[in-house]
>>> print(open('final00.txt').read())   # compact mmCIF, C-alpha atoms
# COMPACT_ATOMS: atom_id res chain seq x y z
CA GLU C 1 103.23 96.77 123.94
CA ILE C 2 101.04 99.80 124.68
CA MET C 3 98.73 99.14 121.73
CA GLU C 4 98.41 95.48 122.66
CA ALA C 5 97.62 96.34 126.29
CA ALA C 6 95.05 98.95 125.26
CA LEU C 7 93.31 96.54 122.89
CA GLU C 8 93.36 93.78 125.50
CA GLU C 9 91.74 96.05 128.09
CA ASN C 10 89.24 97.28 125.52
CA LYS C 11 88.28 93.69 124.72
CA LYS C 12 87.82 92.90 128.44
CA LEU C 13 85.36 95.79 128.61
CA GLY C 14 83.43 94.37 125.65
CA LEU C 15 84.07 97.40 123.47
CA GLY C 16 84.83 97.66 119.78
CA SER C 17 87.94 99.52 118.74
CA ALA C 18 89.10 101.81 115.95
CA ALA C 19 92.46 103.28 115.09
CA HIS C 20 94.13 105.49 112.54
CA HIS C 21 97.59 104.12 111.85
CA ALA C 22 100.21 106.84 111.67
CA GLN C 23 101.85 106.75 108.26
CA MET C 24 105.26 107.31 109.81
CA ALA C 25 104.87 104.31 112.13
CA VAL C 26 103.37 101.59 109.92
CA ALA C 27 106.78 100.00 109.33
CA LYS C 28 106.72 99.04 113.02
CA TRP C 29 102.98 98.43 113.50
CA ASN C 30 100.63 97.87 110.57
CA VAL C 31 97.03 96.73 110.13
CA LEU C 32 97.95 93.07 110.43
CA HIS C 33 99.56 93.66 113.83
CA SER C 34 96.47 95.55 114.97
CA ALA C 35 94.04 92.91 113.73
CA ARG C 36 95.97 90.15 115.48
CA ALA C 37 95.91 92.24 118.68
CA GLY C 38 92.12 92.61 118.43
CA LEU C 39 91.46 95.91 116.62
CA THR C 40 87.98 95.76 115.10
CA THR C 41 87.97 98.80 112.77
CA VAL C 42 90.64 100.63 110.81
CA GLU C 43 90.14 104.29 110.02
CA HIS C 44 91.26 105.16 106.49
CA TRP C 45 93.67 102.54 105.21
CA TYR C 46 97.16 103.51 106.35
CA GLY C 47 98.98 100.37 107.39
CA LEU C 48 97.04 98.03 105.11
CA PRO C 49 99.22 98.05 101.99
CA GLU C 50 102.30 97.98 104.22
CA ALA C 51 100.98 94.75 105.75
CA LEU C 52 100.99 93.36 102.20
CA PHE C 53 104.63 94.16 101.39
CA THR C 54 106.64 91.05 100.64
CA ASP C 55 110.12 92.52 100.22
CA ARG C 56 110.17 95.62 102.45
CA THR C 57 108.61 97.26 105.49
CA VAL C 58 108.81 100.85 104.27
CA GLN C 59 107.39 102.04 100.98
CA HIS C 60 109.67 103.22 98.21
CA TYR C 61 109.96 106.98 98.52
CA PRO C 62 111.32 108.96 95.58
CA SER C 63 114.22 111.35 96.12
CA GLY C 64 112.83 114.73 97.02
CA TYR C 65 109.82 113.28 98.85
CA ASN C 66 108.60 115.64 101.57
CA TYR C 67 106.23 114.16 104.16
CA ASN C 68 105.15 117.66 105.18
CA ASN C 69 103.93 118.37 101.64
CA GLU C 70 100.39 116.97 101.30
CA GLN C 71 100.71 116.66 97.52
CA ASP C 72 103.76 114.44 97.98
CA ARG C 73 102.23 112.50 100.85
CA PHE C 74 98.87 111.71 99.26
CA GLY C 75 100.33 111.19 95.80
CA GLU C 76 102.78 108.62 97.10
CA ALA C 77 100.20 107.01 99.40
CA GLY C 78 98.22 105.98 96.33
CA LYS C 79 101.29 104.25 94.96
CA LEU C 80 101.53 102.01 98.01
CA TRP C 81 99.18 99.51 96.40
CA GLU C 82 101.58 99.06 93.48
CA GLN C 83 104.21 97.93 95.98
CA ALA C 84 101.92 95.47 97.78
CA ALA C 85 101.53 91.78 96.98
CA PRO C 86 99.06 91.03 94.19
CA PRO C 87 95.45 90.20 95.13
CA HIS C 88 94.79 86.52 95.93
CA SER C 89 98.48 85.88 96.60
CA GLU C 90 99.74 84.00 99.66
CA LYS C 91 100.44 87.30 101.44
CA TRP C 92 96.77 88.36 101.02
CA ASN C 93 95.68 85.16 102.79
CA GLU C 94 97.58 86.35 105.89
CA VAL C 95 95.60 89.56 105.97
>>> encode(input="final00.txt", output="structure tokens")
Amino acid sequence: EIMEAALEENKKLGLGSAAHHAQMAVAKWNVLHSARAGLTTVEHWYGLPEALFTDRTVQHYPSGYNYNNEQDRFGEAGKLWEQAAPPHSEKWNEV
């Protein structure tokens, strides 16, 4: 509700908008939610592959994954695309 209200007010003011989606929150609010609410620019790409999941909202994390370890975090972030719907699929048309 807060993000939607902020983007609505931003739009009323005639401003563009940008956001960095928090990796730990993209299961609740991903790029597709932001775009539908009026976000005009996404910083980095967190939230985009999650918007393309067809059978989950949270990525598959291996046992032993440690979010506070950058090697784990960035290594697994790259694997998000393997879990997303294939290009040109029906899910991609939504995004």
>>> atom_distance(input="final00.txt", atom1="atom CA of C:Asn68", atom2="atom CA of C:Leu80")
17.6 Å
>>> closest_residue(input="final00.txt", among="C:Ala18, C:Leu32, C:Val58, C:Val42", to="C:Asn93", atoms="all atoms listed in the file")
C:Leu32
>>> residues_around(input="final00.txt", residues="C:Glu8", least_positions_apart="5", cutoff="10 Å", atoms="only C-alpha atoms", output="ChimeraX atom specification")
/C:2-3,13-14,37-39
>>> atom_distance(input="final00.txt", atom1="atom CA of C:His20", atom2="atom CA of C:Glu4")
14.9 Å
>>> atom_distance(input="final00.txt", atom1="atom CA of C:Asn66", atom2="atom CA of C:Thr41")
28.9 Å
>>> closest_residue(input="final00.txt", among="C:Pro49, C:Gly78, C:Pro62, C:Pro86", to="C:Val26", atoms="all atoms listed in the file")
C:Pro49
>>> closest_residue(input="final00.txt", among="C:Trp81, C:Trp29, C:Tyr67, C:Phe74", to="C:Phe53", atoms="only C-alpha atoms")
C:Trp81
>>> residues_around(input="final00.txt", residues="C:Tyr46", least_positions_apart="2", cutoff="9 Å", atoms="only C-alpha atoms", output="MDAnalysis selection string")
chainID C and resid 20:23 26 30:31 42:44 48:50 77
>>> build_atoms(input="final00.txt", residues="stretch 19-38 of chain C", atoms="N, CA and C atoms", output="mmCIF file, in the frame of the given file")
data_model
loop_
_atom_site.group_PDB
_atom_site.id
_atom_site.type_symbol
_atom_site.label_atom_id
_atom_site.label_comp_id
_atom_site.auth_asym_id
_atom_site.auth_seq_id
_atom_site.Cartn_x
_atom_site.Cartn_y
_atom_site.Cartn_z
ATOM 1 N N ALA C 19 91.190 102.579 115.037
ATOM 2 C CA ALA C 19 92.460 103.280 115.090
ATOM 3 C C ALA C 19 92.806 103.834 113.719
ATOM 4 N N HIS C 20 93.540 104.911 113.737
ATOM 5 C CA HIS C 20 94.130 105.490 112.540
ATOM 6 C C HIS C 20 95.624 105.241 112.665
ATOM 7 N N HIS C 21 96.167 104.431 111.792
ATOM 8 C CA HIS C 21 97.590 104.120 111.850
ATOM 9 C C HIS C 21 98.389 105.306 111.323
ATOM 10 N N ALA C 22 99.354 105.731 112.085
ATOM 11 C CA ALA C 22 100.210 106.840 111.670
ATOM 12 C C ALA C 22 101.099 106.393 110.516
ATOM 13 N N GLN C 23 101.074 107.115 109.430
ATOM 14 C CA GLN C 23 101.850 106.750 108.260
ATOM 15 C C GLN C 23 103.332 106.582 108.575
ATOM 16 N N MET C 24 103.838 107.388 109.477
ATOM 17 C CA MET C 24 105.260 107.310 109.810
ATOM 18 C C MET C 24 105.597 106.133 110.725
ATOM 19 N N ALA C 25 104.607 105.408 111.199
ATOM 20 C CA ALA C 25 104.870 104.310 112.130
ATOM 21 C C ALA C 25 104.454 102.941 111.605
ATOM 22 N N VAL C 26 103.892 102.872 110.397
ATOM 23 C CA VAL C 26 103.370 101.590 109.920
ATOM 24 C C VAL C 26 104.452 100.560 109.610
ATOM 25 N N ALA C 27 105.697 100.984 109.508
ATOM 26 C CA ALA C 27 106.780 100.000 109.330
ATOM 27 C C ALA C 27 106.963 99.175 110.594
ATOM 28 N N LYS C 28 106.601 99.746 111.739
ATOM 29 C CA LYS C 28 106.720 99.040 113.020
ATOM 30 C C LYS C 28 105.426 98.354 113.427
ATOM 31 N N TRP C 29 104.288 98.956 113.072
ATOM 32 C CA TRP C 29 102.980 98.430 113.500
ATOM 33 C C TRP C 29 101.967 98.714 112.396
ATOM 34 N N ASN C 30 101.562 97.680 111.674
ATOM 35 C CA ASN C 30 100.630 97.870 110.570
ATOM 36 C C ASN C 30 99.273 97.250 110.896
ATOM 37 N N VAL C 31 98.388 97.228 109.941
ATOM 38 C CA VAL C 31 97.030 96.730 110.130
ATOM 39 C C VAL C 31 97.019 95.263 110.579
ATOM 40 N N LEU C 32 97.910 94.478 110.049
ATOM 41 C CA LEU C 32 97.950 93.070 110.430
ATOM 42 C C LEU C 32 98.292 92.902 111.907
ATOM 43 N N HIS C 33 99.237 93.689 112.395
ATOM 44 C CA HIS C 33 99.560 93.660 113.830
ATOM 45 C C HIS C 33 98.327 94.028 114.655
ATOM 46 N N SER C 34 97.652 95.086 114.233
ATOM 47 C CA SER C 34 96.470 95.550 114.970
ATOM 48 C C SER C 34 95.361 94.514 114.973
ATOM 49 N N ALA C 35 95.107 93.918 113.825
ATOM 50 C CA ALA C 35 94.040 92.910 113.730
ATOM 51 C C ALA C 35 94.352 91.718 114.641
ATOM 52 N N ARG C 36 95.582 91.281 114.628
ATOM 53 C CA ARG C 36 95.970 90.150 115.480
ATOM 54 C C ARG C 36 95.856 90.495 116.961
ATOM 55 N N ALA C 37 96.018 91.791 117.282
ATOM 56 C CA ALA C 37 95.910 92.240 118.680
ATOM 57 C C ALA C 37 94.461 92.506 119.078
ATOM 58 N N GLY C 38 93.531 92.463 118.100
ATOM 59 C CA GLY C 38 92.120 92.610 118.430
ATOM 60 C C GLY C 38 91.433 93.867 117.933
#
